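Before any comments, here is the structure.
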Amino acid sequence: MFKAFKIACLFIIKSCGGFWLTRQFNKGNTCVLCYHGFSYDDEYLFRPKLFMRPQTFARRMEWLKKSNYEVVSLQYAVAHDGEGKNRIALTMDDGWAGTYELVDDVLSKYQFPLMLYVTSYYVEKQGAVINVALAYILWRSLGKTLIVKNADIGLNKSYVISNDNRNNIVTELCEAIDTLENTSDRQQILMDISRELDVTLMVNAQLLFRLLSKEELTKLLASNVDLQLHSHRHCSPQNEESFQQEIAQNRDYLQQIVPNTLLEHFCYPSGEYYTKQLAWLEKNAIKTSTTISSGMFNKDTDLLQIPRFLDGEDVHQLEFEAELCGLTTFIRKLF
Ligand SMILES: [Zn+2]
């Protein structure tokens with residue numbers, strides 16, 4: 001109901017020239033957009049911000065192409081004054097397999113510069129990302145009973161899955177699965193649970209919740225994709241040694257794919273970061289870091305705390321346009 005009211009208000013504001021007017025005030029500013037993965041089946045209903053439908057993404061890119069916005073790389077936006085233009089910089093987090101399997105044709109068609117922040121652990125392992133896959137399976141299994149009898153992970157328990165407890169079940173199962181050393185053993189338990197609850201993780205012979213392989217990441221380079229850092233295990237340790245190790249491992253891995261690229265741009269995993277980490281990033285020669293706080297980027301923005309707008313399947317086209325022109329940022333400042 002609130003959403004419908006909001007869209008109606010945005011429609012009226014746009015019709016009265018409000019979007020155009022806000023754009024004039026925001027000349028010189030850049031809106032940094034953030035995307036994640038893409039939906040093979042119904043994942044866009046499960047987590048609409050994490051898995052957008054490929055056709056929605058294609059529509060957004062087509063709209064950008066026809067718009068008066070200038071799509072630039074984040075490096076360009078950082079190095080060059082806005083020069084009275086309204087700019088957009090595209091970023092994408094994690095490196096989900098759908099970036100190649102589902103939308104490479106779109107990326108290749110438009111050739112907009114895209115900074116892709118890759119978390120390398122699952123790129124190396126090539127299984128399904130266990131916590132996300134489990135959360136999906138349980139989301140599809142409300143009301144069902146899951147029985148886990150597995151001595152290897154020390155569980156002999158049954159769960160009646162509900163909206164209230166599914167997150168806790170995922171946490172408990174992940175902690176138990178994490179005690180296993182071997183990747184294939186971990187994946188096997190995930191597949192056992194998927195079978196037990198009759199929720200497939202395969203769609204058209206493609207495994208859901210997989211990250212891009214090294215080969216797919218290499219192929220994406222031809223679509224104007226710039227690979228950058230997102231930590232090795234998608235975490236943001238508060239201990240300096242562990243934090244630096246995450247970046248070093250991530251950098252070492254990606255350097256194998258792009259040996260001639262300077263890996264000096266970072267995205268905080270899940271947007272989680274702490275003030276003390278800014279100095280650690282500087283020590284690591286990181287030039288920019290992006291968050292998931294909303295706002296516009298301009299010459300006054302701290303380069304290690306660049307705001308972004310998180311686009312998703314649940315974002316209406318008018319909300320998207322209101323964000324790009326700066327109207328939403330303006331309204332947020334008022335309240
Ligand atoms: Zn991420």
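Letters for chains follow the order of the structure tokens (A, B, ...), residue numbers begin at 1 for each chain, and ligand numbers begin at 1 in the order shown.
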
Test item: residues at most 10 Å from stretch 70-84 of chain A, only C-alpha atoms, excluding those fewer than 4 positions along its chain, as a PyMOL selection string: chain A and resi 24-32+64-65+88-91+112-115+224-226+265+287-288+297-299+301+303

Requested write-out: N, CA, C and O atoms of the selected residues, as a compact mmCIF listing (two decimals), in the first residue's frame:
```
# COMPACT_ATOMS: atom_id res chain seq x y z
N GLN A 24 19.11 19.04 -12.43
CA GLN A 24 19.88 20.28 -12.65
C GLN A 24 20.70 20.60 -11.42
O GLN A 24 21.85 21.02 -11.51
N PHE A 25 20.11 20.37 -10.24
CA PHE A 25 20.83 20.65 -8.99
C PHE A 25 21.95 19.64 -8.75
O PHE A 25 22.88 19.92 -8.01
N ASN A 26 21.83 18.48 -9.35
CA ASN A 26 22.81 17.41 -9.11
C ASN A 26 23.86 17.29 -10.20
O ASN A 26 24.57 16.28 -10.24
N LYS A 27 23.94 18.27 -11.07
CA LYS A 27 24.96 18.20 -12.12
C LYS A 27 26.34 18.19 -11.45
O LYS A 27 26.59 18.92 -10.50
N GLY A 28 27.20 17.33 -11.96
CA GLY A 28 28.53 17.20 -11.35
C GLY A 28 28.58 16.02 -10.37
O GLY A 28 29.66 15.60 -9.97
N ASN A 29 27.43 15.50 -9.99
CA ASN A 29 27.40 14.36 -9.07
C ASN A 29 27.29 13.03 -9.83
O ASN A 29 26.76 12.99 -10.94
N THR A 30 27.77 11.98 -9.20
CA THR A 30 27.67 10.65 -9.80
C THR A 30 26.83 9.76 -8.90
O THR A 30 27.04 9.72 -7.69
N CYS A 31 25.92 9.03 -9.50
CA CYS A 31 25.18 8.01 -8.75
C CYS A 31 25.85 6.67 -9.03
O CYS A 31 25.94 6.25 -10.19
N VAL A 32 26.36 6.03 -8.00
CA VAL A 32 27.01 4.72 -8.18
C VAL A 32 25.97 3.64 -7.93
O VAL A 32 25.38 3.57 -6.85
N LEU A 64 19.27 3.36 -19.54
CA LEU A 64 20.47 4.19 -19.34
C LEU A 64 21.04 4.66 -20.67
O LEU A 64 21.47 5.80 -20.82
N LYS A 65 21.06 3.74 -21.64
CA LYS A 65 21.62 4.07 -22.95
C LYS A 65 20.84 5.22 -23.60
O LYS A 65 21.42 6.13 -24.19
N ILE A 88 26.66 8.29 -14.05
CA ILE A 88 26.33 7.00 -13.42
C ILE A 88 27.58 6.13 -13.49
O ILE A 88 28.26 6.09 -14.52
N ALA A 89 27.89 5.43 -12.40
CA ALA A 89 28.96 4.41 -12.44
C ALA A 89 28.33 3.09 -12.02
O ALA A 89 27.54 3.04 -11.07
N LEU A 90 28.64 2.05 -12.77
CA LEU A 90 28.03 0.73 -12.49
C LEU A 90 29.00 -0.16 -11.71
O LEU A 90 30.17 -0.29 -12.08
N THR A 91 28.48 -0.76 -10.65
CA THR A 91 29.27 -1.75 -9.90
C THR A 91 28.41 -2.99 -9.68
O THR A 91 27.18 -2.92 -9.71
N PHE A 112 29.03 -0.87 -21.21
CA PHE A 112 29.22 0.14 -20.17
C PHE A 112 30.34 -0.34 -19.25
O PHE A 112 30.40 -1.53 -18.93
N PRO A 113 31.20 0.57 -18.79
CA PRO A 113 32.23 0.12 -17.84
C PRO A 113 31.58 -0.40 -16.55
O PRO A 113 30.72 0.28 -15.99
N LEU A 114 31.96 -1.58 -16.15
CA LEU A 114 31.38 -2.19 -14.94
C LEU A 114 32.50 -2.66 -14.01
O LEU A 114 33.38 -3.41 -14.43
N MET A 115 32.45 -2.20 -12.77
CA MET A 115 33.41 -2.70 -11.79
C MET A 115 32.78 -3.89 -11.07
O MET A 115 31.73 -3.74 -10.43
N ASN A 224 33.92 -5.24 -21.10
CA ASN A 224 34.27 -4.00 -20.38
C ASN A 224 34.09 -4.15 -18.87
O ASN A 224 33.68 -3.21 -18.19
N VAL A 225 34.38 -5.35 -18.37
CA VAL A 225 34.25 -5.61 -16.93
C VAL A 225 35.63 -5.50 -16.29
O VAL A 225 36.61 -6.06 -16.80
N ASP A 226 35.69 -4.78 -15.19
CA ASP A 226 36.94 -4.58 -14.46
C ASP A 226 36.84 -5.35 -13.14
O ASP A 226 35.98 -5.04 -12.31
N HIS A 265 40.73 -1.26 -5.85
CA HIS A 265 39.36 -0.83 -5.54
C HIS A 265 38.69 -1.96 -4.77
O HIS A 265 38.82 -3.13 -5.13
N LYS A 287 42.48 2.51 -3.29
CA LYS A 287 42.15 3.90 -3.65
C LYS A 287 40.69 4.24 -3.38
O LYS A 287 40.36 5.35 -3.02
N THR A 288 39.79 3.27 -3.64
CA THR A 288 38.36 3.51 -3.36
C THR A 288 37.73 2.30 -2.68
O THR A 288 38.16 1.16 -2.91
N PHE A 297 27.81 10.53 -5.22
CA PHE A 297 29.26 10.69 -5.12
C PHE A 297 29.65 12.01 -5.76
O PHE A 297 29.20 12.34 -6.87
N ASN A 298 30.50 12.79 -5.07
CA ASN A 298 31.05 14.01 -5.68
C ASN A 298 32.44 14.26 -5.10
O ASN A 298 32.97 13.42 -4.36
N LYS A 299 33.02 15.39 -5.42
CA LYS A 299 34.42 15.63 -5.03
C LYS A 299 34.61 15.70 -3.51
O LYS A 299 35.73 15.57 -3.03
N THR A 301 33.20 13.55 -1.40
CA THR A 301 32.97 12.22 -0.81
C THR A 301 34.29 11.58 -0.38
O THR A 301 35.29 11.66 -1.11
N LEU A 303 36.75 8.85 -0.36
CA LEU A 303 36.91 7.78 -1.37
C LEU A 303 36.87 6.38 -0.76
O LEU A 303 36.72 5.40 -1.47
```

Counting only C-alpha atoms and all ligand atoms, which residues of chain A fall within 6 Å of ligand 1, and what is the closest atom pair for each with its distance in Å at one decimal, ordered by chain and rising number, as CSV?
```
residue,atom,partner,partner_atom_place_in_ligand_line,distance
A:Asp93,CA,ligand 1,1 (Zn),5.0
A:Asp94,CA,ligand 1,1 (Zn),4.6
A:Pro269,CA,ligand 1,1 (Zn),4.5
A:Ser270,CA,ligand 1,1 (Zn),5.0
```

Option closest in space to A:Ser294, from A:Cys34, A:Val160, A:Leu107, A:Leu142 [counting only C-alpha atoms]: A:Cys34

Nearest candidate to A:Pro48 (options A:Leu310, A:Ala248, A:Leu211, A:Leu263; using only C-alpha atoms):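 Among A:Leu310, A:Ala248, A:Leu211, A:Leu263, it is A:Leu310 that comes nearest to A:Pro48.
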
Residues flagged alpha helix (DSSP H) by DSSP in stretch 13-224 of chain A, as number ranges by chain: A: 13-15, 18-25, 43-46, 54-66, 74-79, 98-101, 104-110, 121-125, 130-139, 166-177, 183-196, 214-220
